[in-house]
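A quick write-up on the structure given underneath.
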Amino acid sequence: MEKVTLKVLTELDFNINSIDTQPFPISEKLTRCIMSSLRRMAKINTSIEEGLSKCNNMEIIFKNSEYDIKKEGHSTMSIFFERNSDGLWRYSTIDELRYFGDWLETALTFEFSKHDFLATNCMFGTYSKNDYPLYKLWEKNFVYNLNEDVFDIITMEC
């Protein structure tokens, strides 16, 4: 599995140097942790290899197999990347998904556009622009969870 992962990441030119995080508060530490987790554990949709040259959007999903609707636990995280015309990948959206009753719903979303950084708390219907402290808190917790191997199912799709 690892050889396929490295091959795919290489073909996509998806590496620490090809991911632009500016002007947003995304740390290099987060990007390094994501790359490390992908190399170790990612299961890649086999159709990715067929369309690598056309892949300009990518989703990486982080799940914990022990997450339970009733007991809860670590939320599923979905991170979307887009490749711009300059060839660099950029964070597009980060979603935290939780069960509300029997439905998997988006609990928190960070959107990164060319001009704005938006955070939406879907549980409470709140929306904030440039809420960097909230993002930094989320990122710190997510990086900690990645380092602790909380997410034992990581998938990547184009």
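Chain lettering (A, B, ...) mirrors the order of the structure tokens, residue numbering begins at 1 for each chain separately, and ligand numbering begins at 1 in order of display.
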_When you look at A:Ile26 with a cut-off of 9 Å (counting only C-alpha atoms), what residues show up, excluding the ones that are within fewer than 6 positions of it in the same chain? I need them as a ChimeraX atom specification._
/A:91,135-136,139
Atoms kept (C-alpha atoms) for selection, written as a compact mmCIF listing (two decimals), in the first residue's frame:
# COMPACT_ATOMS: atom_id res chain seq x y z
CA TYR A 91 -6.59 24.09 1.34
CA TYR A 135 -9.15 27.75 13.70
CA LYS A 136 -5.91 27.60 15.71
CA GLU A 139 -5.79 22.79 14.30
*Close residues, A:Ser18 itself excluded, 12 Å, only C-alpha atoms, min 2 positions apart in chain, as a list in words*: Leu9, Thr10, Leu12, Asp13, Phe14, Asn15, Ile16, Asp20, Thr21, Glu28, Thr31, Arg32, Met35, Phe81, Glu82, Arg83, Asn84, Asp86, Gly87, Leu88, Trp89, Arg90 and Tyr91 of chain A
*Any idea what the distance is between atom CA of A:Asn57 and atom CA of A:Asp102?*
29.1 Å
*asked:* With only C-alpha atoms as the counted atoms, please give the residues lying no more than 10 Å from A:Ser37, apart from itself and same-chain residues fewer than 4 positions off, as a ChimeraX atom specification.
replied: /A:31-33,41-42,62,146-147,149,151-152,154
Output the selection as a PDB file, in the first residue's frame - N, CA and C atoms for each residue.
ATOM      1  N   THR A  31       0.252  20.542   7.817  1.00  0.00           N
ATOM      2  CA  THR A  31       0.523  19.956   6.510  1.00  0.00           C
ATOM      3  C   THR A  31       1.486  18.781   6.636  1.00  0.00           C
ATOM      4  N   ARG A  32       2.523  18.916   7.448  1.00  0.00           N
ATOM      5  CA  ARG A  32       3.468  17.812   7.650  1.00  0.00           C
ATOM      6  C   ARG A  32       2.787  16.598   8.285  1.00  0.00           C
ATOM      7  N   CYS A  33       1.912  16.829   9.246  1.00  0.00           N
ATOM      8  CA  CYS A  33       1.196  15.719   9.899  1.00  0.00           C
ATOM      9  C   CYS A  33       0.270  15.009   8.919  1.00  0.00           C
ATOM     10  N   MET A  41      -0.796   5.480   6.290  1.00  0.00           N
ATOM     11  CA  MET A  41      -2.057   4.777   6.447  1.00  0.00           C
ATOM     12  C   MET A  41      -3.080   4.918   5.334  1.00  0.00           C
ATOM     13  N   ALA A  42      -2.891   5.792   4.408  1.00  0.00           N
ATOM     14  CA  ALA A  42      -3.980   6.103   3.470  1.00  0.00           C
ATOM     15  C   ALA A  42      -4.322   4.944   2.548  1.00  0.00           C
ATOM     16  N   PHE A  62     -10.473  11.551   7.368  1.00  0.00           N
ATOM     17  CA  PHE A  62      -9.876  10.958   8.559  1.00  0.00           C
ATOM     18  C   PHE A  62     -11.004  10.446   9.451  1.00  0.00           C
ATOM     19  N   LEU A 146      -3.799  13.502  15.192  1.00  0.00           N
ATOM     20  CA  LEU A 146      -3.018  12.838  14.142  1.00  0.00           C
ATOM     21  C   LEU A 146      -1.760  12.199  14.729  1.00  0.00           C
ATOM     22  N   ASN A 147      -1.080  12.931  15.587  1.00  0.00           N
ATOM     23  CA  ASN A 147       0.139  12.400  16.204  1.00  0.00           C
ATOM     24  C   ASN A 147      -0.132  11.215  17.120  1.00  0.00           C
ATOM     25  N   ASP A 149      -2.384   8.987  16.456  1.00  0.00           N
ATOM     26  CA  ASP A 149      -2.994   7.966  15.586  1.00  0.00           C
ATOM     27  C   ASP A 149      -4.442   7.674  15.955  1.00  0.00           C
ATOM     28  N   PHE A 151      -7.012   8.604  14.251  1.00  0.00           N
ATOM     29  CA  PHE A 151      -7.727   8.279  13.020  1.00  0.00           C
ATOM     30  C   PHE A 151      -7.076   7.045  12.399  1.00  0.00           C
ATOM     31  N   ASP A 152      -7.796   5.928  12.463  1.00  0.00           N
ATOM     32  CA  ASP A 152      -7.225   4.680  11.942  1.00  0.00           C
ATOM     33  C   ASP A 152      -7.728   4.340  10.541  1.00  0.00           C
ATOM     34  N   ILE A 154      -7.936   6.346   6.944  1.00  0.00           N
ATOM     35  CA  ILE A 154      -7.655   7.561   6.182  1.00  0.00           C
ATOM     36  C   ILE A 154      -7.813   7.210   4.716  1.00  0.00           C
TER      37      ILE A 154
END
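Note that the spacing between atom CA of A:Arg98 and atom CA of A:Met58 amounts to 21.1 Å.
Here atom CA of A:Ile34 stands at a distance of 22.2 Å from atom CA of A:Lys54.
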*asked:* Residues within 9 Å of A:Ser92, please, as a PyMOL selection string. Count only C-alpha atoms; anything in the same chain fewer than 3 positions from it doesn't count.
replied: chain A and resi 79-82+110-113
